[in-house]
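Here is protein-v6.cif, consisting of mmCIF, C-alpha atoms:
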data_entry
loop_
_atom_site.label_atom_id
_atom_site.label_comp_id
_atom_site.auth_asym_id
_atom_site.auth_seq_id
_atom_site.Cartn_x
_atom_site.Cartn_y
_atom_site.Cartn_z
CA MET A 1 0.00 0.00 0.00
CA ASP A 2 1.15 3.47 -0.60
CA PHE A 3 1.13 6.42 1.76
CA ALA A 4 -2.04 8.06 0.33
CA THR A 5 -4.17 4.93 0.92
CA ASN A 6 -2.97 4.61 4.53
CA THR A 7 -3.65 8.28 5.17
CA ALA A 8 -7.18 8.06 3.72
CA ALA A 9 -7.98 4.91 5.74
CA SER A 10 -6.71 6.40 8.99
CA GLY A 11 -8.65 9.64 8.34
CA ALA A 12 -11.92 7.72 7.93
CA GLN A 13 -11.14 5.69 11.04
CA VAL A 14 -10.48 8.83 13.08
CA PHE A 15 -13.71 10.36 11.77
CA GLY A 16 -15.63 7.28 13.00
CA TYR A 17 -14.06 7.52 16.44
CA VAL A 18 -14.87 11.23 16.67
CA LEU A 19 -18.45 10.52 15.57
CA ILE A 20 -18.87 7.86 18.27
CA LEU A 21 -17.36 10.21 20.87
CA LEU A 22 -19.75 13.02 19.88
CA ALA A 23 -22.74 10.65 20.06
CA GLY A 24 -21.68 9.58 23.56
CA VAL A 25 -21.31 13.19 24.68
CA ALA A 26 -24.74 14.03 23.24
CA CYS A 27 -26.37 11.07 25.06
CA THR A 28 -24.69 12.03 28.33
CA ALA A 29 -25.80 15.66 27.96
CA GLY A 30 -29.37 14.51 27.24
CA LEU A 31 -29.42 12.32 30.35
CA ILE A 32 -28.08 15.14 32.51
CA LEU A 33 -30.72 17.55 31.15
CA ALA A 34 -33.49 15.00 31.74
CA PHE A 35 -32.29 14.46 35.31
CA ARG A 36 -32.24 18.20 36.00
CA LEU A 37 -35.72 18.62 34.49
CA GLY A 38 -37.00 15.78 36.72
CA ILE A 39 -35.58 17.48 39.81
CA LYS A 40 -37.20 20.78 38.77
CA VAL A 41 -40.61 19.13 38.24
CA ARG A 42 -40.35 17.25 41.54
CA ARG A 43 -39.63 20.47 43.44
CA GLY A 44 -42.78 22.03 41.95
CA GLU A 45 -45.03 19.20 43.20
CA SER A 46 -46.76 19.25 46.54
CA PRO A 47 -45.07 17.28 49.34
CA PRO A 48 -46.36 13.84 50.34
CA PRO A 49 -49.06 13.81 53.01
CA ARG A 50 -48.01 13.74 56.64
CA PRO A 51 -49.05 10.77 58.83
CA GLU A 52 -51.98 12.67 60.35
CA GLU A 53 -53.25 13.51 56.84
CA GLN A 54 -53.38 9.86 55.76
CA PRO A 55 -56.81 8.27 55.27
CA THR A 56 -58.20 6.40 58.24
CA LEU A 57 -60.72 3.58 58.67
CA PRO A 58 -64.32 4.57 59.30
CA PRO A 59 -65.56 4.14 62.88
CA SER A 60 -67.60 1.09 61.83
CA GLY A 61 -64.45 -0.74 60.72
CA PRO A 62 -63.33 -1.95 57.32
CA VAL A 63 -65.93 -2.14 54.60
CA GLY A 64 -66.89 -5.72 53.71
CA GLU A 65 -67.16 -7.24 50.29
CA THR A 66 -70.54 -8.10 48.83
CA ARG A 67 -70.87 -10.85 46.23
CA GLU A 68 -73.99 -11.14 44.19
CA MET A 69 -74.95 -12.31 40.74
CA ARG A 70 -76.05 -9.46 38.46
CA GLU A 71 -78.02 -9.47 35.23
CA PRO A 72 -78.38 -6.63 32.72
CA ASP A 73 -81.54 -4.55 32.48
CA GLU A 74 -83.53 -4.76 29.28
CA VAL A 75 -82.04 -2.75 26.42
CA PRO A 76 -84.50 -0.10 25.24
CA ARG A 77 -86.07 -0.65 21.83
CA ALA A 78 -86.65 1.97 19.16
CA ALA A 79 -90.14 3.47 18.91
CA ASP A 80 -90.83 1.97 15.50
CA GLY A 81 -89.46 -1.45 14.63
CA GLY A 82 -87.53 -0.35 11.51
CA GLU A 83 -85.09 2.07 13.14
CA ARG A 84 -82.27 1.20 15.50
CA LEU A 85 -80.94 3.20 18.44
CA THR A 86 -77.49 4.75 18.48
CA PRO A 87 -75.26 4.38 21.56
CA HIS A 88 -76.00 7.86 22.90
CA GLN A 89 -79.74 7.15 22.66
CA VAL A 90 -79.38 3.89 24.60
CA GLY A 91 -77.49 5.56 27.43
CA THR A 92 -75.89 3.64 30.28
CA VAL A 93 -76.91 0.01 30.40
CA ARG A 94 -77.57 -0.75 34.03
CA SER A 95 -77.74 -4.05 35.84
CA ARG A 96 -79.88 -5.41 38.64
CA ARG A 97 -79.62 -8.15 41.22
CA ALA A 98 -80.41 -11.52 39.67
CA ASP A 99 -83.22 -13.63 41.09
CA ASP A 100 -81.05 -16.76 40.97
CA GLN A 101 -77.97 -16.19 43.18
CA ARG A 102 -76.33 -19.57 42.49
CA ARG A 103 -72.95 -19.26 40.82
CA PRO A 104 -72.78 -20.73 37.31
CA ARG A 105 -70.75 -23.94 37.10
CA TRP A 106 -69.35 -25.88 34.19
CA SER A 107 -71.67 -28.29 32.53
CA PRO A 108 -71.14 -31.84 33.76
CA GLY A 109 -69.11 -33.87 31.28
CA SER A 110 -67.41 -30.88 29.68
CA SER A 111 -63.72 -30.18 30.04
CA GLY A 112 -64.23 -26.60 31.21
CA SER A 113 -62.03 -24.99 28.62
CA PHE A 114 -61.15 -25.23 24.97
CA GLY A 115 -58.42 -27.82 24.53
CA GLY A 116 -58.56 -28.82 28.20
CA GLY A 117 -58.09 -32.48 27.35
CA GLY A 118 -61.41 -33.71 28.68
CA GLY A 119 -63.89 -35.87 26.86
CA GLY A 120 -66.16 -32.96 26.14
CA ARG A 121 -69.86 -33.26 25.55
CA THR A 122 -70.85 -36.50 23.95
#

Could I get this structure in the form of C-alpha cells?
Amino acid sequence: MDFATNTAASGAQVFGYVLILLAGVACTAGLILAFRLGIKVRRGESPPPRPEEQPTLPPSGPVGETREMREPDEVPRAADGGERLTPHQVGTVRSRRADDQRRPRWSPGSSGSFGGGGGGRT
C-alpha cells in the first residue's frame, strides 16, 4: 500500500471515532438535562401527606365485600321497529340483582375450557 491509501484509511477511522465520541457526549448531555428537568418538576409538586393527613378507617371498621350475581336490564327498543338506536340514545346500560344467586358452574361432562383435554360433551 502506498502512503495516500494509509492516510485516507486512517482519516476515515479517526472520523468514525470522533463521531462515536460526539454521540456519547450528546447522550450524556441529554441524560443530565433530563435528570435536572426531573428534579425541577419534583420540586414544583406538593409534598407527600403527613401521617396525620393519611386516610383512616371509618368508625364502623373496614368495609366488607358483597358478592352477588347481576343481570343486565332490558335494552330499550326503538319506537318503531324499523329504526335502530345509536349508543347515545341507549345511554348507560344498568344491571340489577339476579333472582337466581347460584354461581354458574361448568356443565357436567365438559372439560371446562377449549383444549382442556377432557372428553367434552358426547

Identify all residues satisfying the PyMOL selection byres ((chain A and resi 86-99) around 6) in the given file; provide them as a PyMOL selection string. chain A and resi 69-73+85+100

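If you look at atom CA of A:Thr66 and atom CA of A:Arg103, they are 13.9 Å away from each other.
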
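Between atom CA of A:Gly64 and atom CA of A:Pro104 there is a distance of 23.0 Å.
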
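If you measure from each of A:Val75, A:Arg67, A:Ser46, A:Ala26 to A:Arg102 using all atoms listed in the file, the closest one turns out to be A:Arg67.
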
Find the axis-aligned box for stretch 10-27 of chain A, covering all its listed atoms and adding 8 Å on each side, and write its centre and edge lengths in Å to one decimal as JSON.
{"center_x": -16.5, "center_y": 9.9, "center_z": 16.5, "size_x": 35.7, "size_y": 24.3, "size_z": 33.1}
